[in-house]
file coords24.txt (compact mmCIF, C-alpha atoms)
# COMPACT_ATOMS: atom_id res chain seq x y z
CA MET S 547 17.10 43.99 13.65
CA PHE S 548 20.27 44.56 11.63
CA PRO S 549 20.49 44.34 7.81
CA CYS S 550 23.44 42.86 5.95
CA SER S 551 23.94 43.75 2.32
CA SER S 552 25.46 40.50 1.01
CA LEU S 553 25.66 36.92 2.20
CA LYS S 554 29.32 36.90 1.25
CA ALA S 555 30.74 40.05 2.72
CA TRP S 556 28.68 43.25 2.94
CA PHE S 557 26.78 44.53 5.94
CA THR S 558 25.76 48.09 6.92
CA MET S 559 25.64 50.57 9.83
CA LEU S 560 25.13 54.33 10.16
CA CYS S 561 27.89 56.37 11.82
CA THR S 562 27.13 60.05 12.42
CA GLN S 563 29.75 61.45 14.79
CA PRO S 564 31.36 64.79 13.84
CA TYR S 565 34.98 64.38 12.86
CA ILE S 566 38.37 65.85 12.20
CA GLY S 567 39.70 64.26 9.03
CA CYS S 568 43.02 63.34 7.58
CA ARG S 569 43.47 62.21 4.01
CA VAL S 570 46.22 59.94 2.81
CA GLY S 571 46.71 59.46 -0.91
CA SER S 572 49.29 59.63 -3.65
CA ASN S 573 49.68 63.39 -3.12
CA SER S 574 49.61 63.43 0.67
CA HIS S 575 51.56 60.36 1.72
CA VAL S 576 55.25 60.71 0.96
CA CYS S 577 57.95 58.18 1.82
CA LEU S 578 61.10 59.93 2.98
CA SER S 579 63.05 56.74 3.68
CA PRO S 580 62.43 53.09 4.53
CA ASN S 581 61.82 54.23 8.12
CA ARG S 582 60.06 57.59 7.77
CA GLY S 583 57.11 59.04 5.90
CA VAL S 584 54.93 62.17 5.76
CA ILE S 585 51.14 62.19 6.13
CA LYS S 586 49.02 65.27 5.43
CA VAL S 587 46.18 65.68 7.91
CA TYR S 588 43.02 67.75 7.44
CA ASN S 589 41.20 69.33 10.36
CA GLU S 590 37.55 70.29 10.76
CA ASP S 591 38.21 73.79 9.41
CA ASN S 592 39.88 72.31 6.31
CA THR S 593 43.35 73.36 7.43
CA SER S 594 45.99 70.72 6.92
CA ARG S 595 49.12 69.60 8.69
CA ALA S 596 51.96 67.61 7.14
CA VAL S 597 53.33 65.25 9.78
CA GLU S 598 56.49 63.21 9.53
CA VAL S 599 56.03 59.82 11.20
CA PRO S 600 57.98 56.56 11.51
CA THR S 601 56.74 53.78 9.27
CA ASP S 602 56.00 51.56 12.26
CA ILE S 603 53.65 54.09 13.87
CA THR S 604 50.44 52.65 15.32
CA ALA S 605 46.91 54.04 15.34
CA ARG S 606 47.23 54.85 19.03
CA ASP S 607 50.44 56.78 18.34
CA ILE S 608 48.66 58.83 15.65
CA CYS S 609 45.82 59.62 18.06
CA GLN S 610 48.25 60.72 20.75
CA LEU S 611 50.15 62.84 18.23
CA PHE S 612 47.05 64.73 17.07
CA VAL S 613 45.67 65.08 20.59
CA MET S 614 48.88 66.96 21.34
CA LYS S 615 49.06 68.96 18.10
CA ASN S 616 45.38 69.94 18.17
CA HIS S 617 45.50 70.70 21.92
CA CYS S 618 42.69 68.26 22.63
CA ILE S 619 41.77 66.80 25.99
CA ASP S 620 42.78 63.14 25.92
CA ASP S 621 39.75 61.31 27.30
CA HIS S 622 40.73 58.04 25.55
CA SER S 623 37.87 58.34 23.06
CA TRP S 624 39.96 59.74 20.21
CA THR S 625 40.02 57.18 17.44
CA LEU S 626 41.58 56.67 14.03
CA PHE S 627 39.10 55.52 11.36
CA GLU S 628 39.79 54.02 7.96
CA GLN S 629 37.27 55.05 5.31
CA LEU S 630 37.22 53.41 1.87
CA SER S 631 35.40 55.67 -0.58
CA HIS S 632 34.54 53.25 -3.39
CA PRO S 633 32.41 50.79 -1.37
CA GLY S 634 31.53 53.56 1.12
CA ILE S 635 32.65 51.73 4.26
CA GLU S 636 34.68 52.60 7.31
CA ARG S 637 36.07 50.98 10.42
CA THR S 638 37.88 51.80 13.64
CA ILE S 639 41.58 51.06 13.29
CA GLU S 640 42.59 49.21 16.45
CA ASP S 641 45.12 50.94 18.67
CA HIS S 642 47.88 48.40 18.03
CA GLU S 643 47.57 48.33 14.22
CA SER S 644 50.33 49.66 11.97
CA VAL S 645 48.92 52.64 10.08
CA MET S 646 51.33 52.26 7.18
CA GLU S 647 50.35 48.62 6.80
CA VAL S 648 46.71 49.67 6.61
CA LEU S 649 47.56 52.23 3.91
CA SER S 650 49.45 49.62 1.90
CA GLY S 651 46.17 47.82 1.31
CA TRP S 652 44.53 50.79 -0.39
CA GLY S 653 46.17 50.23 -3.77
CA MET S 654 45.35 52.98 -6.28
CA ASP S 655 42.24 54.21 -4.46
CA THR S 656 43.50 57.69 -3.62
CA GLU S 657 40.08 58.73 -2.28
CA SER S 658 40.42 56.45 0.74
CA ARG S 659 40.98 58.38 3.94
CA LEU S 660 41.90 58.26 7.58
CA TYR S 661 39.74 60.16 10.04
CA PHE S 662 40.67 61.35 13.50
CA ARG S 663 37.55 61.75 15.61
CA LYS S 664 35.97 60.72 18.87
CA ASN S 665 34.33 57.35 19.39
CA TYR S 666 32.81 57.29 22.87
CA ALA S 667 32.03 53.57 22.59
CA LYS S 668 35.64 52.67 21.80
CA TYR S 669 36.25 50.67 24.97
CA GLU S 670 32.67 50.00 26.07
CA PHE S 671 32.89 46.35 25.04
CA PHE S 672 35.55 45.86 27.72
CA ASN S 673 33.90 48.13 30.29
CA LYS S 674 30.35 46.75 29.93
CA PRO S 675 30.57 43.42 28.07
CA LEU S 676 27.14 42.24 29.21
CA ASP S 677 25.49 45.11 27.32
CA PHE S 678 26.71 43.63 24.04
CA PHE S 679 25.38 40.10 24.55
CA PRO S 680 21.67 39.86 25.44
CA ASP S 681 20.78 36.51 27.01
CA HIS S 682 18.55 35.48 24.10
CA MET S 683 21.45 35.87 21.62
CA VAL S 684 24.07 33.85 23.52
CA SER S 685 24.40 30.08 23.79
CA LEU S 686 26.91 27.98 25.67
CA SER S 687 29.32 26.14 23.43
CA SER S 688 30.03 22.46 23.96
CA GLU S 689 33.35 23.47 25.56
CA THR S 690 31.61 25.03 28.57
CA ASN S 691 29.40 21.99 29.32
CA GLY S 692 26.55 24.38 30.15
CA ILE S 693 27.77 25.13 33.66
CA MET S 694 28.29 28.92 33.53
CA ASN S 695 25.80 31.72 33.97
CA HIS S 696 25.64 34.60 31.52
CA SER S 697 28.10 36.83 33.36
CA GLN S 698 30.64 34.03 33.70
CA LEU S 699 30.17 33.19 30.04
CA ILE S 700 31.11 36.69 28.90
CA GLN S 701 34.10 36.83 31.23
CA THR S 702 35.24 33.52 29.81
CA PHE S 703 34.82 34.93 26.31
CA LEU S 704 37.01 37.92 27.18
CA ASN S 705 39.69 36.16 29.19
CA SER S 706 40.29 32.78 27.56
CA SER S 707 40.06 30.85 24.32
CA THR S 708 36.55 29.60 25.09
CA CYS S 709 34.07 31.34 22.80
CA PRO S 710 30.29 31.50 23.30
CA GLU S 711 27.98 31.14 20.31
CA ILE S 712 26.13 34.30 19.23
CA HIS S 713 22.98 33.93 17.14
CA GLY S 714 20.12 35.98 15.76
CA HIS S 715 18.32 37.18 12.64
CA LEU S 716 19.74 39.57 10.02
CA HIS S 717 18.27 40.94 6.82
CA ALA S 718 20.47 39.85 3.92
CA LYS S 719 20.71 40.62 0.22
CA GLU S 720 22.59 38.26 -2.04
CA GLN S 721 24.98 39.73 -4.60
CA GLY S 722 23.22 40.65 -7.82
CA ARG S 723 19.76 40.76 -6.21
CA LYS S 724 17.63 43.72 -5.12
CA SER S 725 15.39 42.11 -2.52
CA TRP S 726 16.30 41.62 1.14
CA LYS S 727 15.50 38.47 3.10
CA LYS S 728 15.69 37.58 6.77
CA PHE S 729 18.10 34.77 7.71
CA TYR S 730 19.14 33.18 10.98
CA PHE S 731 22.87 33.79 11.56
CA VAL S 732 25.26 32.01 13.90
CA LEU S 733 28.62 33.43 14.99
CA ARG S 734 31.14 30.87 16.20
CA ARG S 735 34.87 30.87 16.77
CA SER S 736 35.29 29.31 13.32
CA GLY S 737 33.36 32.10 11.60
CA LEU S 738 29.97 33.51 10.64
CA TYR S 739 27.26 31.22 9.21
CA PHE S 740 23.63 31.47 8.16
CA SER S 741 21.02 28.75 8.26
CA ASN S 742 19.26 27.73 5.06
CA LYS S 743 16.51 26.06 7.09
CA GLY S 744 14.85 28.33 9.62
CA THR S 745 16.76 28.45 12.91
CA SER S 746 18.42 25.06 12.48
CA LYS S 747 22.04 24.89 13.64
CA GLU S 748 22.71 21.46 12.20
CA PRO S 749 25.97 21.45 10.20
CA ARG S 750 24.18 20.47 6.99
CA HIS S 751 21.97 23.57 7.26
CA LEU S 752 24.71 26.11 8.05
CA GLN S 753 26.39 27.95 5.18
CA PHE S 754 29.74 29.61 5.82
CA ILE S 755 29.92 33.37 5.23
CA ALA S 756 33.17 34.75 6.66
CA GLU S 757 35.91 34.19 9.20
CA PHE S 758 37.65 36.88 11.20
CA SER S 759 41.25 35.79 11.72
CA ASP S 760 42.29 37.55 8.50
CA GLY S 761 39.46 40.05 8.05
CA ASP S 762 38.22 43.40 9.33
CA VAL S 763 34.73 44.51 10.38
CA TYR S 764 33.50 47.74 8.76
CA THR S 765 30.37 49.84 8.96
CA LEU S 766 28.81 51.04 5.72
CA LEU S 767 27.81 54.64 5.07
CA SER S 768 24.48 55.62 3.45
CA ALA S 769 23.14 52.07 3.69
CA LYS S 770 19.61 52.85 2.55
CA LYS S 771 20.67 55.16 -0.26
CA ILE S 772 23.47 53.04 -1.73
CA HIS S 773 22.30 49.50 -1.01
CA GLY S 774 18.57 49.89 -0.46
CA ALA S 775 18.92 48.40 3.03
CA PRO S 776 15.79 48.26 5.23
CA THR S 777 17.65 50.21 7.97
CA ASP S 778 20.94 52.09 8.35
CA TYR S 779 22.38 49.64 10.87
CA GLY S 780 24.63 46.64 10.28
CA PHE S 781 28.20 45.70 9.44
CA CYS S 782 30.54 44.43 6.75
CA VAL S 783 33.26 41.78 6.90
CA LYS S 784 36.11 42.37 4.43
CA ALA S 785 39.29 40.36 4.00
CA GLN S 786 42.47 42.24 4.81
CA LEU S 787 44.41 43.45 1.80
CA ARG S 788 48.04 43.92 2.77
CA LYS S 789 51.30 43.52 0.94
CA GLY S 790 51.51 39.99 -0.35
CA LYS S 791 47.79 39.37 0.21
CA SER S 792 44.70 39.65 -1.93
CA PHE S 793 40.94 39.41 -1.54
CA PRO S 794 39.47 35.92 -1.71
CA SER S 795 37.12 35.33 -4.64
CA SER S 796 34.09 35.26 -2.36
CA VAL S 797 34.47 38.91 -1.35
call {"tool": "encode", "arguments": {"input": "coords24.txt", "output": "structure tokens"}}
result
Amino acid sequence: MFPCSSLKAWFTMLCTQPYIGCRVGSNSHVCLSPNRGVIKVYNEDNTSRAVEVPTDITARDICQLFVMKNHCIDDHSWTLFEQLSHPGIERTIEDHESVMEVLSGWGMDTESRLYFRKNYAKYEFFNKPLDFFPDHMVSLSSETNGIMNHSQLIQTFLNSSTCPEIHGHLHAKEQGRKSWKKFYFVLRRSGLYFSNKGTSKEPRHLQFIAEFSDGDVYTLLSAKKIHGAPTDYGFCVKAQLRKGKSFPSSV
């Protein structure tokens, strides 16, 4: 059972891996030119390293750079995390993402950080997709005509535009309220919904929560302490904030 901390955007999960950290803020991120910048990186022993990088550098490039500079063994589990201090959330920055574009969405929050640490489950979704979709949580969409078994369904989900429907219960807390309630959620290609009538999937009973084409999925730190969640496991969907973009009013 996974709790979510708001019907609009907030969900929670505990993340406890040890880490090597790097902090990027007004005093540690310096633009040298339109094409170059400097990022100060903090290690586990609190030593720091100022690294000059191109502005189009990706998360994977950063990982490779610090694997080399820290003399780490590259076992493909090194990951760059984005941690936002004010809401207390973090996420894995995908390998292809522009790090500078991520930083541009931080605004004046100088306490936000990047962390360089291992995430052994980084590619497990691709290596063992069936482990992430129990049979009782997956339904065939109308596009599949109900002709595929579970294994074929997941492969279709990974390799084409056909998307299975994922469903199950989450604990949710509406904004401004202290109590948590259990709702039936449905994840479709068009977004995440919850049912206001039991487990009904009829359109009139499904209320839209979030879509993922322009949003990121975060985990939330200290879920029980900060949000009074029933457990420390869950997730958060937050709209991307990049140059020229802003949060929608529902977030």
call {"tool": "closest_residue", "arguments": {"input": "coords24.txt", "among": "S:Arg663, S:Asn673, S:Ser594, S:Gln786", "to": "S:Ser650", "atoms": "all atoms listed in the file"}}
result
S:Gln786
call {"tool": "residues_around", "arguments": {"input": "coords24.txt", "residues": "S:Cys709", "least_positions_apart": "5", "cutoff": "8 Å", "atoms": "only C-alpha atoms", "output": "ChimeraX atom specification"}}
result
/S:687,702-703,734-735
call {"tool": "atom_distance", "arguments": {"input": "coords24.txt", "atom1": "atom CA of S:Leu704", "atom2": "atom CA of S:His717"}}
result
27.8 Å
call {"tool": "atom_distance", "arguments": {"input": "coords24.txt", "atom1": "atom CA of S:Leu738", "atom2": "atom CA of S:Ser623"}}
result
28.9 Å
call {"tool": "closest_residue", "arguments": {"input": "coords24.txt", "among": "S:Arg606, S:His713, S:Lys664, S:His642", "to": "S:Ile619", "atoms": "all atoms listed in the file"}}
result
S:Lys664
call {"tool": "closest_residue", "arguments": {"input": "coords24.txt", "among": "S:Lys724, S:Gly714, S:Asn616, S:Ser741", "to": "S:Met683", "atoms": "only C-alpha atoms"}}
result
S:Gly714
call {"tool": "closest_residue", "arguments": {"input": "coords24.txt", "among": "S:Asp602, S:Asp620, S:Asp677, S:Glu628", "to": "S:Met646", "atoms": "all atoms listed in the file"}}
result
S:Asp602
call {"tool": "closest_residue", "arguments": {"input": "coords24.txt", "among": "S:Ala769, S:His682, S:Ala756, S:Gln698", "to": "S:Ala785", "atoms": "all atoms listed in the file"}}
result
S:Ala756
call {"tool": "atom_distance", "arguments": {"input": "coords24.txt", "atom1": "atom CA of S:Pro710", "atom2": "atom CA of S:Lys668"}}
result
21.9 Å
call {"tool": "residues_near_point", "arguments": {"input": "coords24.txt", "point": "(37.8, 51.5, 10.6)", "cutoff": "12 Å", "atoms": "all atoms listed in the file", "output": "JSON, numbers by chain"}}
result
{"S": [561, 605, 625, 626, 627, 628, 629, 630, 634, 635, 636, 637, 638, 639, 640, 641, 643, 645, 648, 649, 658, 659, 660, 661, 662, 663, 665, 668, 761, 762, 763, 764, 765, 766, 767, 781, 782, 783, 784, 786]}
call {"tool": "closest_residue", "arguments": {"input": "coords24.txt", "among": "S:Tyr739, S:Asp681, S:Trp624, S:His773", "to": "S:Arg723", "atoms": "all atoms listed in the file"}}
result
S:His773
call {"tool": "residues_around", "arguments": {"input": "coords24.txt", "residues": "S:Lys747", "least_positions_apart": "4", "cutoff": "12 Å", "atoms": "only C-alpha atoms", "output": "list in words"}}
result
Ser685, Glu711, Ile712, His713, Gly714, Tyr730, Phe731, Val732, Leu733, Arg734, Tyr739, Phe740, Ser741, Asn742, Lys743, His751, Leu752, Gln753 and Phe754 of chain S
call {"tool": "decode", "arguments": {"input": "coords24.txt", "residues": "stretch 624-641 of chain S", "atoms": "C-alpha atoms", "output": "PDB file, in the first residue's frame"}}
result
ATOM      1  CA  TRP S 624      25.886   5.792 -10.474  1.00  0.00           C
ATOM      2  CA  THR S 625      23.053   8.273 -10.665  1.00  0.00           C
ATOM      3  CA  LEU S 626      22.488  12.010 -10.500  1.00  0.00           C
ATOM      4  CA  PHE S 627      19.635  13.033  -8.172  1.00  0.00           C
ATOM      5  CA  GLU S 628      17.826  16.340  -7.937  1.00  0.00           C
ATOM      6  CA  GLN S 629      16.776  17.249  -4.400  1.00  0.00           C
ATOM      7  CA  LEU S 630      14.485  20.215  -3.696  1.00  0.00           C
ATOM      8  CA  SER S 631      14.858  21.273  -0.077  1.00  0.00           C
ATOM      9  CA  HIS S 632      11.690  23.305   0.477  1.00  0.00           C
ATOM     10  CA  PRO S 633       9.133  20.559  -0.273  1.00  0.00           C
ATOM     11  CA  GLY S 634      11.674  17.879   0.731  1.00  0.00           C
ATOM     12  CA  ILE S 635      11.507  15.855  -2.479  1.00  0.00           C
ATOM     13  CA  GLU S 636      14.011  14.282  -4.816  1.00  0.00           C
ATOM     14  CA  ARG S 637      14.136  12.405  -8.086  1.00  0.00           C
ATOM     15  CA  THR S 638      16.526  10.578 -10.368  1.00  0.00           C
ATOM     16  CA  ILE S 639      17.592  12.831 -13.223  1.00  0.00           C
ATOM     17  CA  GLU S 640      17.361  10.726 -16.373  1.00  0.00           C
ATOM     18  CA  ASP S 641      20.607  10.093 -18.225  1.00  0.00           C
TER      19      ASP S 641
END
